Amino acid sequence: MNSKETVQAYFSAFGKKEGWEKFADQNIVFEGPMPKVVGKQQWVEMTQQFTMGVTSSSLDSTITENDKVALTATYNMTLPTGDTHSLKTMEVYTVRDEKINHILISFDTATFNEFMAKMPQPNA
């Protein structure tokens with residue numbers, strides 16, 4: 001599998017919410033607006049939390065150069081309150097030996113944070 005095929009297979013598995021973990025390198029690095037995550041276990045835990053609110057996702061466009069895949073994606077999300085949001089992202093993946101070893105993601109944090117602020121908080 002080349003880099004683009006690896007990322008497409010990851011997105012397909014992510015959309016089905018099964019088997020996406022197998023595409024990550026043990027030393028994967030995830031960077032973006034949130035704190036940097038290093039290592040497969042931490043990345044899987046973070047991604048599992050994210051997938052809880054995702055109702056569907058789409059890989060909108062890709063550009064590939066050697067081991068890098070740049071893409072735009074849309075994640076449709078729903079909170080327990082019924083509020084919905086379409087999170088549009090720009091992401092750059094680095095793939096080595098058919099495993100994703102680096103992800104750099106960017107998105108509009110202001111609208112995402114407004115959406116997440118509607119999340120019901122546990123009673124204190």
# chains A, B, ... in the order shown; residues from 1 in each chain; ligands from 1
>>> residues_around(residues="range 26-29 of chain A", least_positions_apart="4", cutoff="8 Å", atoms="only C-alpha atoms", output="MDAnalysis selection string")
chainID A and resid 36:41 43 100:103
>>> write_last_selection(atoms="N, CA and C atoms", output="PDB file, in the first residue's frame")
ATOM      1  N   LYS A  36       0.055  18.107  22.220  1.00  0.00           N
ATOM      2  CA  LYS A  36       0.746  17.102  21.421  1.00  0.00           C
ATOM      3  C   LYS A  36       0.614  15.730  22.087  1.00  0.00           C
ATOM      4  N   VAL A  37       0.379  14.707  21.268  1.00  0.00           N
ATOM      5  CA  VAL A  37       0.256  13.340  21.758  1.00  0.00           C
ATOM      6  C   VAL A  37       1.352  12.517  21.087  1.00  0.00           C
ATOM      7  N   VAL A  38       2.075  11.735  21.898  1.00  0.00           N
ATOM      8  CA  VAL A  38       3.144  10.893  21.379  1.00  0.00           C
ATOM      9  C   VAL A  38       2.892   9.461  21.837  1.00  0.00           C
ATOM     10  N   GLY A  39       2.920   8.533  20.902  1.00  0.00           N
ATOM     11  CA  GLY A  39       2.746   7.119  21.214  1.00  0.00           C
ATOM     12  C   GLY A  39       1.361   6.614  20.851  1.00  0.00           C
ATOM     13  N   LYS A  40       1.326   5.371  20.407  1.00  0.00           N
ATOM     14  CA  LYS A  40       0.081   4.786  19.915  1.00  0.00           C
ATOM     15  C   LYS A  40      -1.004   4.708  20.982  1.00  0.00           C
ATOM     16  N   GLN A  41      -0.660   4.277  22.191  1.00  0.00           N
ATOM     17  CA  GLN A  41      -1.680   4.135  23.230  1.00  0.00           C
ATOM     18  C   GLN A  41      -2.357   5.466  23.539  1.00  0.00           C
ATOM     19  N   TRP A  43      -2.512   8.108  21.585  1.00  0.00           N
ATOM     20  CA  TRP A  43      -3.244   8.531  20.394  1.00  0.00           C
ATOM     21  C   TRP A  43      -4.573   7.782  20.288  1.00  0.00           C
ATOM     22  N   ILE A 100       0.903   5.092   9.800  1.00  0.00           N
ATOM     23  CA  ILE A 100       0.886   6.542  10.004  1.00  0.00           C
ATOM     24  C   ILE A 100       1.779   6.844  11.206  1.00  0.00           C
ATOM     25  N   ASN A 101       2.811   7.673  10.985  1.00  0.00           N
ATOM     26  CA  ASN A 101       3.685   7.969  12.118  1.00  0.00           C
ATOM     27  C   ASN A 101       3.646   9.440  12.543  1.00  0.00           C
ATOM     28  N   HIS A 102       2.936  10.281  11.792  1.00  0.00           N
ATOM     29  CA  HIS A 102       2.803  11.680  12.201  1.00  0.00           C
ATOM     30  C   HIS A 102       1.525  12.252  11.600  1.00  0.00           C
ATOM     31  N   ILE A 103       0.774  12.978  12.421  1.00  0.00           N
ATOM     32  CA  ILE A 103      -0.431  13.680  11.960  1.00  0.00           C
ATOM     33  C   ILE A 103      -0.346  15.114  12.469  1.00  0.00           C
TER      34      ILE A 103
END
>>> select_by_dssp(residues="chain A", states="helix (DSSP H, G or I)", output="ChimeraX atom specification")
/A:3-16,20-23,40-51,109-116
>>> select_by_dssp(residues="range 26-65 of chain A", states="strand (DSSP E or B)", output="PyMOL selection string")
chain A and resi 26-31+37-38+54-65
>>> write_last_selection(atoms="C-alpha atoms", output="CSV table (one decimal), in the first residue's frame")
chain,number,residue,atom,x,y,z
A,26,GLN,CA,3.8,2.6,17.8
A,27,ASN,CA,5.6,6.0,18.0
A,28,ILE,CA,2.9,8.1,16.2
A,29,VAL,CA,3.0,11.8,16.9
A,30,PHE,CA,-0.2,13.9,16.8
A,31,GLU,CA,0.0,17.7,16.7
A,37,VAL,CA,0.3,13.3,21.8
A,38,VAL,CA,3.1,10.9,21.4
A,54,VAL,CA,-18.6,11.7,15.4
A,55,THR,CA,-21.7,10.5,13.6
A,56,SER,CA,-20.0,10.5,10.1
A,57,SER,CA,-16.8,11.5,8.4
A,58,SER,CA,-15.6,12.1,4.9
A,59,LEU,CA,-12.3,12.5,3.2
A,60,ASP,CA,-12.9,15.5,1.0
A,61,SER,CA,-9.7,15.9,-0.9
A,62,THR,CA,-6.1,14.6,-0.9
A,63,ILE,CA,-2.7,15.7,-2.3
A,64,THR,CA,0.1,13.2,-2.0
A,65,GLU,CA,3.8,13.7,-2.3
>>> residues_around(residues="Lys4 in chain A", least_positions_apart="6", cutoff="10 Å", atoms="only C-alpha atoms", output="list in words")
Tyr10, Thr62, Ile63, Thr64, Glu65, Asn66, Asp67, Lys68, Val69, Ala70, Leu71, Tyr93, Thr94, Val95 and Glu98 of chain A
>>> closest_residue(among="A:Ala117, A:Ala110, A:Val92, A:Leu87", to="Val7 in chain A", atoms="only C-alpha atoms")
A:Val92
>>> atom_distance(atom1="CA of Phe23 in chain A", atom2="CA of Asp108 in chain A")
26.0 Å
>>> atom_distance(atom1="CA of Thr47 in chain A", atom2="CA of Trp20 in chain A")
9.8 Å
>>> atom_distance(atom1="CA of Gln8 in chain A", atom2="CA of Thr109 in chain A")
24.9 Å
>>> closest_residue(among="A:Asp25, A:Met1, A:Phe50, A:Gly19", to="Lys99 in chain A", atoms="only C-alpha atoms")
A:Asp25
>>> closest_residue(among="A:Lys88, A:Lys22, A:Lys17, A:Lys118", to="Tyr75 in chain A", atoms="only C-alpha atoms")
A:Lys88
>>> residues_around(residues="His85 in chain A", least_positions_apart="2", cutoff="8 Å", atoms="only C-alpha atoms", output="PyMOL selection string")
chain A and resi 76-78+83+87+112+115
